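Novice: My structure is below; once you've seen it, I'll send some questions.
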Amino acid sequence: MIKRTHALILGLLMVFILASGALASDVKVYKSPNCGCCTSWSEVLEKDGFNITTEKRSDMQSVKDTLEIPVLLRSCHTGMVEGYVIEGHVPASDIRRLLKERPDIKGLAVPGMPVGTPGMEQGGRKDSYNVIGIRKDGTTFIYNSYPQ
Ligand SMILES: [Cu+2]
């Protein structure tokens, strides 16, 4: 009887863990202490339902070196979600699609800091930009394009 109760509790725990995982993904954000647009991007993701933890780093280039983010694709902050690298102002919907489809790639990047990306709003101005997919061998492809 005790064993059955334990099994039931374990089962409920598993359901709870799986359910909470499906609801909110944890994003670890590396940013330099004074980066305002990095914080704005984090807030956009938070509103979209992601759990954000921030690590302030004054050596962002070495963070990107360690994660082997191609130099030409670099931006301000770097995020990590479920093993994927998210470089720069990548829209939440593209991260959701990534986590749903789970391609065997390194991650996504929006190089530079285009105006109109999430966290880079400036009035109504929206520059056109691509979300770049980074394969594990460092080659790239266009994952999505804006405006749509
Ligand atoms: Cu930025």
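Naming scheme: A, B, ... for chains in displayed order of the structure tokens; residues 1 onward per chain; ligands 1 onward as shown.
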Write out as a ChimeraX atom specification which residues come within 9 Å of segment 28-42 of chain A when counting only C-alpha atoms, dropping same-chain ones fewer than 3 positions away.

Specialist: /A:45-47,50-60,63,76-81,86,88-91,113,117-120

Novice: Would you kindly return, as a VMD selection string, each protein, DNA or RNA residue with an atom no farther than 7 Å from any atom of Pro111 of chain A, considering only C-alpha atoms and excluding same-chain residues fewer than 5 positions away?

Specialist: chain A and resid 73 to 75 88

Novice: Running DSSP on the backbone, which parts of chain A land in strand (DSSP E), as a PyMOL selection string?

Specialist: chain A and resi 26-31+51-56+78-81+84-88+107-110+129-134+140-146

Novice: Select, from A:Gly49, A:Gly123, A:Pro70, A:Pro114, the residue with the minimum atom-to-atom distance to Lys136 of chain A, counting only C-alpha atoms.

Specialist: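 Residue with the minimum atom-to-atom distance to Lys136 of chain A: A:Pro70.
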
Novice: As a ChimeraX atom specification, list the residues of segment 30-115 of chain A assigned to alpha helix (DSSP H) by DSSP on the backbone atoms of this structure.

Specialist: /A:36-47,60-66,92-101

Novice: Just the selected residues (C-alpha atoms), exported as a PDB file, in the first residue's frame, please.

Specialist:
```pdb
ATOM      1  CA  GLY A  36      19.390  48.361 -21.998  1.00  0.00           C
ATOM      2  CA  CYS A  37      18.126  46.742 -25.195  1.00  0.00           C
ATOM      3  CA  CYS A  38      19.213  43.345 -23.811  1.00  0.00           C
ATOM      4  CA  THR A  39      16.937  43.903 -20.817  1.00  0.00           C
ATOM      5  CA  SER A  40      14.115  45.030 -23.134  1.00  0.00           C
ATOM      6  CA  TRP A  41      14.475  41.808 -25.147  1.00  0.00           C
ATOM      7  CA  SER A  42      14.375  39.745 -21.946  1.00  0.00           C
ATOM      8  CA  GLU A  43      11.177  41.530 -20.922  1.00  0.00           C
ATOM      9  CA  VAL A  44       9.556  40.771 -24.284  1.00  0.00           C
ATOM     10  CA  LEU A  45      10.344  37.081 -23.787  1.00  0.00           C
ATOM     11  CA  GLU A  46       9.128  37.164 -20.210  1.00  0.00           C
ATOM     12  CA  LYS A  47       5.791  38.613 -21.357  1.00  0.00           C
ATOM     13  CA  MET A  60      30.581  39.159 -23.636  1.00  0.00           C
ATOM     14  CA  GLN A  61      33.004  38.464 -26.469  1.00  0.00           C
ATOM     15  CA  SER A  62      34.566  35.579 -24.561  1.00  0.00           C
ATOM     16  CA  VAL A  63      31.079  34.247 -23.774  1.00  0.00           C
ATOM     17  CA  LYS A  64      30.397  34.230 -27.522  1.00  0.00           C
ATOM     18  CA  ASP A  65      33.827  32.748 -28.252  1.00  0.00           C
ATOM     19  CA  THR A  66      33.128  29.905 -25.822  1.00  0.00           C
ATOM     20  CA  ALA A  92       9.847  34.954 -29.307  1.00  0.00           C
ATOM     21  CA  SER A  93       7.763  33.280 -32.032  1.00  0.00           C
ATOM     22  CA  ASP A  94      10.919  32.023 -33.762  1.00  0.00           C
ATOM     23  CA  ILE A  95      12.209  30.603 -30.470  1.00  0.00           C
ATOM     24  CA  ARG A  96       8.845  28.883 -29.942  1.00  0.00           C
ATOM     25  CA  ARG A  97       9.048  27.370 -33.415  1.00  0.00           C
ATOM     26  CA  LEU A  98      12.616  26.215 -32.721  1.00  0.00           C
ATOM     27  CA  LEU A  99      11.578  24.501 -29.484  1.00  0.00           C
ATOM     28  CA  LYS A 100       8.601  22.888 -31.177  1.00  0.00           C
ATOM     29  CA  GLU A 101      10.417  21.582 -34.246  1.00  0.00           C
TER      30      GLU A 101
END
```

Novice: Just want the 6 Å neighbourhood of Lys106 of chain A, counted on only C-alpha atoms, with same-chain residues fewer than 3 positions away dropped. Output as a VMD selection string.

Specialist: chain A and resid 84 134 to 136

Novice: Go ahead and compute the interatomic distance for atom CA of Val110 of chain A and atom CA of Ser128 of chain A, in Å to one decimal.

Specialist: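 Computed distance, atom CA of Val110 of chain A to atom CA of Ser128 of chain A, equals 11.1 Å.
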
Novice: Would you mind telling me which residue in A:Gly83, A:Pro147, A:Pro103, A:Gly116 lies nearest to ligand 1 when using only C-alpha atoms and all ligand atoms?

Specialist: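 Closest residue, counting only C-alpha atoms and all ligand atoms: A:Gly116.
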